[in-house]
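Enquirer: Got a structure for you, written out below as structure tokens; questions coming shortly.
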Amino acid sequence: MSTALQIASLGSGSNGNATIVDDGETCLLIDLGFSVKETEKRLRRIGKVPQDIDAILVTHEHADHIHGVAPFARKYHPPVYITPGSHNPQKMGLMPKVHHVNIHRKFTIGSLEVEPVPVPHDSAEPCQYLVTANEIKIGLLTDLGHVTPFVVQQYRCCEILLLECNHDLAMLANGPYPYKLKQRVGGNQGHLNNEQAAGLLKSMQLDRLEHLVLMHISEKNNKSSLAVDAVKQVLYGWTGKMHIADQSAGFDWITCKLKK
Ligand SMILES: [Zn+2]
Ligand SMILES: [Zn+2]
């Protein structure tokens, strides 16, 4: 029986995402936006080899989440879990083992329980994931345009929350993106801004939250200091630890001890 749940990121942002969850028995990769070579390099950095990956979970088909999924699966053969809407076999090409995720149903991969959560994002069938091992719950929540009541309900109780703080509203408005892209990113099916992220935290059971990681921070439309300032406003008295995920380094292992 494993004793700790660990999580790390190989990188987070619009140039590539990959998150690893490992309870000592089962090692999951959630999304893979990097080439196989880059992934091998980044795995080495956190003390893993590609053969350690038991399965890949996919949130949606945007390139920053899916670019390396099929090539990695062809080379190392982990099964890929993906919603039917996100899975375009013509585009992705053959993969040795594909499981279609029912977005409304929990399932297990080895020792981990996985719960998909549908989110509003401009892709075919996007979802985010809650992963639980021995009552420790990790919530991954990026790539959504707004926080729905269902998201609030599902993410209320987590020990570790990986939360998108994509942009600062003023930086996006005054930034270099063309008008249409600003509309997309800031829209209802785009990405969470710092205030929206803070809004979700307000509705959470904070005494249960041990680690908060600020994720998918835009390099052009945000600064980590602005994201931290925004969420701190609603974290008064909170005693957990805050972490920042960045594009090149992701974040190093965060460990949560299992309860039984
Ligand atoms: Zn993304
Ligand atoms: Zn996306």
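Ordered as shown in the structure tokens, chains take letters A, B, and onward, while each chain numbers its residues from 1 and ligands are numbered from 1 in the order shown.
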Wanna dump the chain A-ligand 2 contacts at 8 Å for me, each residue with its shortest atom pair and the distance in Å to one decimal, counting only C-alpha atoms and all ligand atoms, ordered by chain and number, as a tab-separated table?

Expert:
residue	atom	partner	partner_atom_place_in_ligand_line	distance
A:His60	CA	ligand 2	1 (Zn)	6.7
A:Glu61	CA	ligand 2	1 (Zn)	7.4
A:His62	CA	ligand 2	1 (Zn)	5.0
A:Ala63	CA	ligand 2	1 (Zn)	7.9
A:Asp64	CA	ligand 2	1 (Zn)	7.2
A:His65	CA	ligand 2	1 (Zn)	7.2
A:His121	CA	ligand 2	1 (Zn)	6.7
A:Asp122	CA	ligand 2	1 (Zn)	7.0
A:Ser123	CA	ligand 2	1 (Zn)	6.9
A:Asp143	CA	ligand 2	1 (Zn)	4.9
A:Leu144	CA	ligand 2	1 (Zn)	7.6
A:Gly190	CA	ligand 2	1 (Zn)	7.5
A:His191	CA	ligand 2	1 (Zn)	7.8

Enquirer: Mind writing the picked residues with all heavy atoms as a short mmCIF file (atom, residue, chain, number, x, y, z; two decimals), in the first residue's frame?

Expert:
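Dumped to again_37.cif:
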data_model
loop_
_atom_site.label_atom_id
_atom_site.label_comp_id
_atom_site.auth_asym_id
_atom_site.auth_seq_id
_atom_site.Cartn_x
_atom_site.Cartn_y
_atom_site.Cartn_z
N HIS A 60 -8.36 17.88 -23.33
CA HIS A 60 -8.97 18.36 -24.58
C HIS A 60 -7.90 18.42 -25.66
O HIS A 60 -6.72 18.24 -25.38
CB HIS A 60 -9.67 19.71 -24.37
CG HIS A 60 -8.74 20.85 -24.02
ND1 HIS A 60 -7.96 20.86 -22.88
CD2 HIS A 60 -8.48 22.02 -24.66
CE1 HIS A 60 -7.27 21.99 -22.84
NE2 HIS A 60 -7.56 22.71 -23.90
N GLU A 61 -8.36 18.70 -26.91
CA GLU A 61 -7.48 18.48 -28.05
C GLU A 61 -6.65 19.69 -28.47
O GLU A 61 -6.03 19.67 -29.53
CB GLU A 61 -8.31 17.97 -29.24
CG GLU A 61 -9.20 18.99 -29.94
CD GLU A 61 -10.54 19.22 -29.24
OE1 GLU A 61 -10.65 18.88 -28.04
OE2 GLU A 61 -11.45 19.75 -29.90
N HIS A 62 -6.60 20.75 -27.68
CA HIS A 62 -5.72 21.87 -28.05
C HIS A 62 -4.26 21.41 -28.00
O HIS A 62 -3.87 20.61 -27.15
CB HIS A 62 -5.94 23.06 -27.12
CG HIS A 62 -7.22 23.79 -27.40
ND1 HIS A 62 -7.84 24.61 -26.49
CD2 HIS A 62 -8.02 23.79 -28.51
CE1 HIS A 62 -8.95 25.10 -27.03
NE2 HIS A 62 -9.09 24.61 -28.24
N ALA A 63 -3.47 21.96 -28.94
CA ALA A 63 -2.10 21.46 -29.13
C ALA A 63 -1.25 21.53 -27.86
O ALA A 63 -0.41 20.66 -27.62
CB ALA A 63 -1.42 22.25 -30.25
N ASP A 64 -1.48 22.56 -27.03
CA ASP A 64 -0.64 22.67 -25.82
C ASP A 64 -0.93 21.55 -24.82
O ASP A 64 -0.21 21.40 -23.83
CB ASP A 64 -0.78 24.06 -25.16
CG ASP A 64 -2.21 24.43 -24.79
OD1 ASP A 64 -3.14 24.09 -25.54
OD2 ASP A 64 -2.41 25.08 -23.73
N HIS A 65 -1.95 20.74 -25.10
CA HIS A 65 -2.29 19.61 -24.20
C HIS A 65 -2.11 18.25 -24.87
O HIS A 65 -2.03 17.23 -24.19
CB HIS A 65 -3.74 19.75 -23.70
CG HIS A 65 -3.91 20.99 -22.89
ND1 HIS A 65 -3.88 20.99 -21.51
CD2 HIS A 65 -4.06 22.29 -23.27
CE1 HIS A 65 -4.01 22.24 -21.08
NE2 HIS A 65 -4.12 23.04 -22.12
N HIS A 121 -15.10 25.44 -22.49
CA HIS A 121 -13.86 25.81 -23.17
C HIS A 121 -14.08 25.57 -24.66
O HIS A 121 -14.84 24.69 -25.04
CB HIS A 121 -12.72 24.94 -22.62
CG HIS A 121 -11.35 25.38 -23.05
ND1 HIS A 121 -10.89 26.65 -22.85
CD2 HIS A 121 -10.34 24.71 -23.67
CE1 HIS A 121 -9.65 26.74 -23.32
NE2 HIS A 121 -9.30 25.58 -23.83
N ASP A 122 -13.39 26.35 -25.50
CA ASP A 122 -13.69 26.29 -26.94
C ASP A 122 -13.00 25.11 -27.63
O ASP A 122 -12.17 25.29 -28.52
CB ASP A 122 -13.35 27.61 -27.62
CG ASP A 122 -11.94 28.07 -27.29
OD1 ASP A 122 -11.21 27.33 -26.62
OD2 ASP A 122 -11.57 29.18 -27.72
N SER A 123 -13.35 23.91 -27.21
CA SER A 123 -12.88 22.69 -27.87
C SER A 123 -14.06 21.72 -27.89
O SER A 123 -15.13 22.04 -27.37
CB SER A 123 -11.67 22.12 -27.12
OG SER A 123 -12.00 21.86 -25.79
N ASP A 143 -7.94 25.80 -18.37
CA ASP A 143 -8.64 25.83 -19.65
C ASP A 143 -10.16 25.81 -19.50
O ASP A 143 -10.83 24.90 -19.96
CB ASP A 143 -8.16 24.67 -20.55
CG ASP A 143 -6.69 24.79 -20.89
OD1 ASP A 143 -5.87 24.47 -20.01
OD2 ASP A 143 -6.35 25.22 -22.00
N LEU A 144 -10.67 26.83 -18.84
CA LEU A 144 -12.11 27.03 -18.78
C LEU A 144 -12.40 28.54 -18.78
O LEU A 144 -11.63 29.32 -18.23
CB LEU A 144 -12.75 26.35 -17.56
CG LEU A 144 -12.45 26.84 -16.15
CD1 LEU A 144 -13.44 26.23 -15.18
CD2 LEU A 144 -11.06 26.47 -15.72
N GLY A 190 -13.13 30.66 -22.92
CA GLY A 190 -11.68 30.82 -23.03
C GLY A 190 -10.96 30.33 -21.80
O GLY A 190 -10.97 29.14 -21.48
N HIS A 191 -10.32 31.29 -21.12
CA HIS A 191 -9.47 30.95 -19.97
C HIS A 191 -9.84 31.78 -18.73
O HIS A 191 -10.31 32.91 -18.86
CB HIS A 191 -8.00 31.21 -20.32
CG HIS A 191 -7.47 30.26 -21.35
ND1 HIS A 191 -6.93 29.04 -21.00
CD2 HIS A 191 -7.42 30.32 -22.70
CE1 HIS A 191 -6.54 28.41 -22.10
NE2 HIS A 191 -6.83 29.17 -23.14
#

Enquirer: Mind pulling up the distance from CA of Val131 in chain A to CA of Asn193 in chain A?

Expert: 23.8 Å

Enquirer: Would you kindly return, as a list in words, each protein, DNA or RNA residue with an atom no farther than 12 Å from any atom of Gly24 in chain A, considering only C-alpha atoms and excluding same-chain residues fewer than 6 positions away?

Expert: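 Counting only the stated atoms, we get Met1, Ser2, Thr3, Ala4, Leu5, Gln6, Ile7, Asp52, Ile53, Asp54, Gly110, Ser111, Leu112, Ala133, Thr255, Cys256, Lys257 and Leu258 of chain A.
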
Enquirer: Please extract the residues of range 33-144 of chain A with a backbone DSSP assignment of alpha helix (DSSP H) and present them as a PyMOL selection string.

Expert: chain A and resi 36-45+63-66+69-76+89-92

Enquirer: Restricting the calculation to only C-alpha atoms: of A:Val36, A:Ile103, A:Gly13, A:Arg45, which residue gets closest to Asp252 in chain A?

Expert: A:Arg45

Enquirer: Measuring between only C-alpha atoms and all ligand atoms, which one of A:Asn221, A:Thr39, A:Asn17, A:Gln154 shows the shortest distance to ligand 1?

Expert: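 Once distances to ligand 1 are computed over only C-alpha atoms and all ligand atoms, the minimum belongs to A:Asn17.
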
Enquirer: I'd like to know which of A:Ile217, A:Leu209, A:Leu162, A:Val98 is closest to ligand 1, using only C-alpha atoms and all ligand atoms.

Expert: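 Result for the nearest residue to ligand 1: A:Ile217.
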
Enquirer: Using CA of Ser14 in chain A and CA of Leu192 in chain A as the two end points, give the distance in Å to one decimal.

Expert: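 Between CA of Ser14 in chain A and CA of Leu192 in chain A the gap works out to 13.1 Å.
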
Enquirer: As JSON, numbers by chain, which residues of range 20-253 of chain A does DSSP assign to strand (DSSP E or B)?

Expert: {"A": [20, 21, 22, 27, 28, 29, 30, 55, 56, 57, 80, 81, 82, 98, 99, 100, 107, 108, 109, 112, 113, 114, 115, 116, 117, 118, 127, 128, 129, 130, 131, 132, 133, 136, 137, 138, 139, 140, 141, 160, 161, 162, 163, 164, 167, 193, 211, 212, 213, 214, 215, 241, 242, 243, 244, 246, 250, 251, 252, 253]}

Enquirer: Give me the residues near Gly139 in chain A as a PyMOL selection string, where near means some atom within 12 Å (using only C-alpha atoms) and where sequence neighbours in that chain fewer than 3 positions away do not count.

Expert: chain A and resi 7+19+21+30+113-117+127-133+136+142+151-164+204+209-213+215

Enquirer: How would the residues just picked look written out with C-alpha atoms as a CSV table (one decimal), in the first residue's frame?

Expert:
chain,number,residue,atom,x,y,z
A,7,ILE,CA,2.3,15.5,-8.1
A,19,THR,CA,1.1,17.0,-15.1
A,21,VAL,CA,0.2,12.2,-10.5
A,30,ILE,CA,-2.4,14.3,-17.5
A,113,GLU,CA,-9.9,7.1,-8.9
A,114,VAL,CA,-10.5,9.6,-11.7
A,115,GLU,CA,-13.5,11.8,-12.1
A,116,PRO,CA,-13.9,13.9,-15.2
A,117,VAL,CA,-15.6,17.3,-14.9
A,127,CYS,CA,-13.1,18.1,-19.3
A,128,GLN,CA,-10.8,18.6,-16.3
A,129,TYR,CA,-10.0,15.9,-13.7
A,130,LEU,CA,-10.2,15.1,-10.1
A,131,VAL,CA,-7.9,12.3,-9.0
A,132,THR,CA,-8.3,10.6,-5.7
A,133,ALA,CA,-6.1,8.1,-3.8
A,136,ILE,CA,-6.6,12.5,-0.8
A,142,THR,CA,-7.3,24.8,-16.3
A,151,VAL,CA,-17.3,23.1,-11.1
A,152,VAL,CA,-17.8,24.9,-7.7
A,153,GLN,CA,-19.5,21.8,-6.4
A,154,GLN,CA,-16.9,19.3,-7.7
A,155,TYR,CA,-13.8,21.2,-6.6
A,156,ARG,CA,-15.0,22.4,-3.2
A,157,CYS,CA,-13.0,19.8,-1.2
A,158,CYS,CA,-9.5,19.1,-2.5
A,159,GLU,CA,-6.2,18.6,-0.7
A,160,ILE,CA,-4.3,19.9,-3.7
A,161,LEU,CA,-5.7,22.3,-6.3
A,162,LEU,CA,-4.1,23.2,-9.6
A,163,LEU,CA,-5.9,26.3,-10.6
A,164,GLU,CA,-5.7,28.3,-13.8
A,204,MET,CA,-13.8,26.3,-1.4
A,209,LEU,CA,-6.7,22.6,1.0
A,210,GLU,CA,-3.0,21.9,1.7
A,211,HIS,CA,-1.5,23.0,-1.6
A,212,LEU,CA,-2.6,25.5,-4.2
A,213,VAL,CA,-0.7,25.7,-7.5
A,215,MET,CA,-1.3,27.2,-13.4

Enquirer: Which residue is closest to ligand 1? Choose from A:Thr59, A:Ser86, A:Thr26, A:Asn188 and count only C-alpha atoms and all ligand atoms.

Expert: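 Going through A:Thr59, A:Ser86, A:Thr26, A:Asn188 one by one, the smallest distance to ligand 1 is for A:Thr59.
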
Enquirer: Would you please work out which residue, of A:Lys106, A:Lys220, A:Arg208, A:His67, is nearest to Phe34 in chain A when using only C-alpha atoms?

Expert: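 Nearest candidate to Phe34 in chain A out of A:Lys106, A:Lys220, A:Arg208, A:His67: A:His67.
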
Enquirer: Can you tell me, as a list in words, what residues are no more than 10 Å from Val69 in chain A when counting only C-alpha atoms, ignoring any on the same chain fewer than 2 positions away?

Expert: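 Everything that qualifies: Ala18, Leu29, Ile30, Asp31, Leu32, Gly33, Phe34, Ser35, Val36, Ile56, Leu57, Val58, Glu61, Ala63, His65, Ile66, His67, Pro71, Phe72, Ala73, Arg74, Pro78, Val80, Met92 and Met95 of chain A.
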
Enquirer: Let me see the file: selected residues, N, CA, C and O atoms, as an mmCIF file, in the first residue's frame.

Expert:
data_model
loop_
_atom_site.group_PDB
_atom_site.id
_atom_site.type_symbol
_atom_site.label_atom_id
_atom_site.label_comp_id
_atom_site.auth_asym_id
_atom_site.auth_seq_id
_atom_site.Cartn_x
_atom_site.Cartn_y
_atom_site.Cartn_z
ATOM 1 N N ALA A 18 1.847 19.377 -19.051
ATOM 2 C CA ALA A 18 1.896 17.966 -18.680
ATOM 3 C C ALA A 18 2.003 17.910 -17.163
ATOM 4 O O ALA A 18 2.858 18.562 -16.570
ATOM 5 N N LEU A 29 -0.023 10.470 -16.327
ATOM 6 C CA LEU A 29 0.354 11.722 -16.967
ATOM 7 C C LEU A 29 -0.946 12.356 -17.440
ATOM 8 O O LEU A 29 -1.748 11.692 -18.116
ATOM 9 N N ILE A 30 -1.198 13.590 -17.048
ATOM 10 C CA ILE A 30 -2.389 14.277 -17.532
ATOM 11 C C ILE A 30 -1.952 15.304 -18.567
ATOM 12 O O ILE A 30 -1.227 16.245 -18.256
ATOM 13 N N ASP A 31 -2.348 15.075 -19.812
ATOM 14 C CA ASP A 31 -1.991 15.884 -20.976
ATOM 15 C C ASP A 31 -0.497 15.768 -21.283
ATOM 16 O O ASP A 31 0.314 15.435 -20.409
ATOM 17 N N LEU A 32 -0.189 16.018 -22.547
ATOM 18 C CA LEU A 32 1.221 16.016 -22.942
ATOM 19 C C LEU A 32 1.366 16.937 -24.149
ATOM 20 O O LEU A 32 1.087 16.554 -25.285
ATOM 21 N N GLY A 33 1.792 18.156 -23.879
ATOM 22 C CA GLY A 33 1.918 19.163 -24.936
ATOM 23 C C GLY A 33 3.336 19.314 -25.454
ATOM 24 O O GLY A 33 3.624 20.257 -26.180
ATOM 25 N N PHE A 34 4.211 18.383 -25.080
ATOM 26 C CA PHE A 34 5.610 18.477 -25.488
ATOM 27 C C PHE A 34 5.968 17.316 -26.428
ATOM 28 O O PHE A 34 5.346 16.260 -26.384
ATOM 29 N N SER A 35 7.014 17.534 -27.235
ATOM 30 C CA SER A 35 7.493 16.460 -28.110
ATOM 31 C C SER A 35 8.020 15.311 -27.243
ATOM 32 O O SER A 35 8.284 15.488 -26.054
ATOM 33 N N VAL A 36 8.187 14.147 -27.858
ATOM 34 C CA VAL A 36 8.674 12.981 -27.108
ATOM 35 C C VAL A 36 10.053 13.274 -26.518
ATOM 36 O O VAL A 36 10.319 12.994 -25.345
ATOM 37 N N ILE A 56 -2.031 7.827 -19.893
ATOM 38 C CA ILE A 56 -2.139 9.266 -20.175
ATOM 39 C C ILE A 56 -3.614 9.646 -20.194
ATOM 40 O O ILE A 56 -4.429 8.987 -20.850
ATOM 41 N N LEU A 57 -3.950 10.688 -19.462
ATOM 42 C CA LEU A 57 -5.309 11.237 -19.466
ATOM 43 C C LEU A 57 -5.277 12.526 -20.276
ATOM 44 O O LEU A 57 -4.375 13.336 -20.076
ATOM 45 N N VAL A 58 -6.269 12.723 -21.114
ATOM 46 C CA VAL A 58 -6.291 13.936 -21.936
ATOM 47 C C VAL A 58 -7.491 14.794 -21.536
ATOM 48 O O VAL A 58 -8.591 14.287 -21.347
ATOM 49 N N GLU A 61 -8.363 18.699 -26.908
ATOM 50 C CA GLU A 61 -7.485 18.481 -28.050
ATOM 51 C C GLU A 61 -6.647 19.692 -28.467
ATOM 52 O O GLU A 61 -6.033 19.668 -29.528
ATOM 53 N N ALA A 63 -3.467 21.957 -28.943
ATOM 54 C CA ALA A 63 -2.099 21.465 -29.134
ATOM 55 C C ALA A 63 -1.249 21.534 -27.861
ATOM 56 O O ALA A 63 -0.415 20.664 -27.622
ATOM 57 N N HIS A 65 -1.953 20.737 -25.096
ATOM 58 C CA HIS A 65 -2.291 19.613 -24.203
ATOM 59 C C HIS A 65 -2.111 18.251 -24.869
ATOM 60 O O HIS A 65 -2.025 17.230 -24.194
ATOM 61 N N ILE A 66 -2.089 18.250 -26.212
ATOM 62 C CA ILE A 66 -2.170 16.954 -26.901
ATOM 63 C C ILE A 66 -0.995 16.683 -27.841
ATOM 64 O O ILE A 66 -0.806 15.538 -28.277
ATOM 65 N N HIS A 67 -0.189 17.694 -28.089
ATOM 66 C CA HIS A 67 0.860 17.586 -29.109
ATOM 67 C C HIS A 67 1.685 16.290 -29.010
ATOM 68 O O HIS A 67 1.954 15.631 -30.009
ATOM 69 N N PRO A 71 2.404 10.479 -30.304
ATOM 70 C CA PRO A 71 3.786 9.999 -30.509
ATOM 71 C C PRO A 71 4.359 9.286 -29.281
ATOM 72 O O PRO A 71 5.021 8.255 -29.408
ATOM 73 N N PHE A 72 4.060 9.808 -28.084
ATOM 74 C CA PHE A 72 4.554 9.164 -26.851
ATOM 75 C C PHE A 72 3.891 7.797 -26.671
ATOM 76 O O PHE A 72 4.543 6.812 -26.308
ATOM 77 N N ALA A 73 2.584 7.727 -26.954
ATOM 78 C CA ALA A 73 1.852 6.451 -26.810
ATOM 79 C C ALA A 73 2.371 5.414 -27.801
ATOM 80 O O ALA A 73 2.472 4.233 -27.482
ATOM 81 N N ARG A 74 2.721 5.865 -29.006
ATOM 82 C CA ARG A 74 3.247 4.913 -30.002
ATOM 83 C C ARG A 74 4.629 4.399 -29.589
ATOM 84 O O ARG A 74 4.960 3.256 -29.815
ATOM 85 N N PRO A 78 1.681 3.457 -23.288
ATOM 86 C CA PRO A 78 0.690 3.593 -22.210
ATOM 87 C C PRO A 78 -0.697 3.770 -22.834
ATOM 88 O O PRO A 78 -0.817 4.340 -23.925
ATOM 89 N N VAL A 80 -4.257 5.481 -23.488
ATOM 90 C CA VAL A 80 -4.655 6.890 -23.498
ATOM 91 C C VAL A 80 -6.146 6.988 -23.201
ATOM 92 O O VAL A 80 -6.960 6.317 -23.835
ATOM 93 N N MET A 92 -4.757 12.404 -34.881
ATOM 94 C CA MET A 92 -3.801 11.868 -33.904
ATOM 95 C C MET A 92 -3.021 10.676 -34.437
ATOM 96 O O MET A 92 -1.925 10.397 -34.001
ATOM 97 N N MET A 95 -2.969 4.848 -32.025
ATOM 98 C CA MET A 95 -2.409 4.724 -30.675
ATOM 99 C C MET A 95 -2.708 3.299 -30.240
ATOM 100 O O MET A 95 -3.782 2.772 -30.533
#

Enquirer: Hey, can you check how far CA of Leu43 in chain A sits from CA of Ser248 in chain A?

Expert: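 That distance, rounded to one decimal, is 12.6 Å.
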
Enquirer: Pick out the closest residue to Ile109 in chain A from this set: A:Cys27, A:His167, A:Lys41, A:Gly47. Count only C-alpha atoms.

Expert: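 Smallest distance to Ile109 in chain A is found for A:Cys27.
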
Enquirer: Residues at most 10 Å from Leu169 in chain A, counting only C-alpha atoms, excluding those fewer than 2 positions away in the same chain, as a ChimeraX atom specification?

Expert: /A:166-167,171-175,182,186,192-195,221-222

Enquirer: Once you have the residues from the selection above, write them out as a compact mmCIF listing (two decimals), in the first residue's frame, restricted to N, CA, C and O atoms.

Expert:
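Writing the result to part36.txt gives the following:
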# COMPACT_ATOMS: atom_id res chain seq x y z
N ASN A 166 -4.95 32.40 -15.82
CA ASN A 166 -4.40 32.63 -17.15
C ASN A 166 -3.97 34.06 -17.39
O ASN A 166 -2.86 34.33 -17.83
N HIS A 167 -4.87 34.99 -17.11
CA HIS A 167 -4.54 36.38 -17.46
C HIS A 167 -5.02 37.37 -16.42
O HIS A 167 -5.91 37.09 -15.63
N MET A 171 -3.96 43.57 -18.28
CA MET A 171 -2.85 43.20 -19.16
C MET A 171 -3.33 42.60 -20.47
O MET A 171 -2.77 42.85 -21.53
N LEU A 172 -4.42 41.81 -20.40
CA LEU A 172 -4.98 41.25 -21.63
C LEU A 172 -5.53 42.38 -22.51
O LEU A 172 -5.25 42.43 -23.71
N ALA A 173 -6.27 43.30 -21.89
CA ALA A 173 -6.89 44.40 -22.65
C ALA A 173 -5.83 45.27 -23.31
O ALA A 173 -5.98 45.71 -24.45
N ASN A 174 -4.74 45.54 -22.61
CA ASN A 174 -3.71 46.44 -23.14
C ASN A 174 -2.55 45.70 -23.80
O ASN A 174 -1.59 46.32 -24.23
N GLY A 175 -2.64 44.39 -23.86
CA GLY A 175 -1.52 43.57 -24.32
C GLY A 175 -1.45 43.45 -25.84
O GLY A 175 -2.21 44.07 -26.57
N LYS A 182 -8.00 38.33 -28.12
CA LYS A 182 -8.37 38.85 -26.80
C LYS A 182 -9.78 38.42 -26.43
O LYS A 182 -10.05 38.01 -25.30
N GLY A 186 -10.44 35.92 -23.25
CA GLY A 186 -11.20 36.50 -22.15
C GLY A 186 -12.66 36.08 -22.14
O GLY A 186 -13.39 36.41 -21.20
N LEU A 192 -9.54 31.24 -17.56
CA LEU A 192 -9.84 31.96 -16.30
C LEU A 192 -8.85 33.10 -16.07
O LEU A 192 -7.64 32.91 -16.19
N ASN A 193 -9.38 34.25 -15.71
CA ASN A 193 -8.49 35.34 -15.28
C ASN A 193 -8.24 35.24 -13.77
O ASN A 193 -8.84 34.41 -13.08
N ASN A 194 -7.35 36.08 -13.28
CA ASN A 194 -6.96 36.01 -11.87
C ASN A 194 -8.15 36.17 -10.93
O ASN A 194 -8.25 35.48 -9.91
N GLU A 195 -9.07 37.09 -11.28
CA GLU A 195 -10.23 37.33 -10.40
C GLU A 195 -11.17 36.13 -10.38
O GLU A 195 -11.72 35.78 -9.34
N ASN A 221 0.13 37.97 -20.98
CA ASN A 221 -1.02 38.70 -20.42
C ASN A 221 -1.15 38.58 -18.90
O ASN A 221 -2.23 38.82 -18.36
N ASN A 222 -0.07 38.17 -18.25
CA ASN A 222 -0.15 38.02 -16.80
C ASN A 222 1.25 38.04 -16.20
O ASN A 222 2.25 37.88 -16.94

Enquirer: Excluding same-chain residues fewer than 3 positions from Gly199 in chain A, what lies within 9 Å of it counting only C-alpha atoms, as a list in words?

Expert: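 The filter keeps Val147, Asn194, Glu195, Gln196, Lys202, Ser203, Val231 and Val234 of chain A.
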
Enquirer: Print the selection's residues with N, CA and C atoms to a file, as a PDB file, in the first residue's frame.

Expert:
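Output below, filename selection39.pdb:
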ATOM      1  N   VAL A 147     -16.311  29.817 -14.299  1.00  0.00           N
ATOM      2  CA  VAL A 147     -16.536  28.804 -13.270  1.00  0.00           C
ATOM      3  C   VAL A 147     -18.026  28.508 -13.203  1.00  0.00           C
ATOM      4  N   ASN A 194      -7.352  36.084 -13.284  1.00  0.00           N
ATOM      5  CA  ASN A 194      -6.960  36.011 -11.868  1.00  0.00           C
ATOM      6  C   ASN A 194      -8.154  36.169 -10.931  1.00  0.00           C
ATOM      7  N   GLU A 195      -9.066  37.093 -11.277  1.00  0.00           N
ATOM      8  CA  GLU A 195     -10.227  37.335 -10.397  1.00  0.00           C
ATOM      9  C   GLU A 195     -11.168  36.132 -10.375  1.00  0.00           C
ATOM     10  N   GLN A 196     -11.347  35.519 -11.533  1.00  0.00           N
ATOM     11  CA  GLN A 196     -12.216  34.330 -11.580  1.00  0.00           C
ATOM     12  C   GLN A 196     -11.629  33.197 -10.746  1.00  0.00           C
ATOM     13  N   LYS A 202     -12.901  31.329  -3.122  1.00  0.00           N
ATOM     14  CA  LYS A 202     -13.827  31.817  -2.097  1.00  0.00           C
ATOM     15  C   LYS A 202     -14.865  30.769  -1.725  1.00  0.00           C
ATOM     16  N   SER A 203     -15.234  29.945  -2.709  1.00  0.00           N
ATOM     17  CA  SER A 203     -16.292  28.961  -2.445  1.00  0.00           C
ATOM     18  C   SER A 203     -15.732  27.624  -1.954  1.00  0.00           C
ATOM     19  N   VAL A 231      -5.216  36.102  -5.706  1.00  0.00           N
ATOM     20  CA  VAL A 231      -5.756  34.984  -4.913  1.00  0.00           C
ATOM     21  C   VAL A 231      -5.541  35.207  -3.410  1.00  0.00           C
ATOM     22  N   VAL A 234      -8.331  36.426  -1.074  1.00  0.00           N
ATOM     23  CA  VAL A 234      -9.394  35.566  -0.539  1.00  0.00           C
ATOM     24  C   VAL A 234      -8.823  34.446   0.344  1.00  0.00           C
TER      25      VAL A 234
END
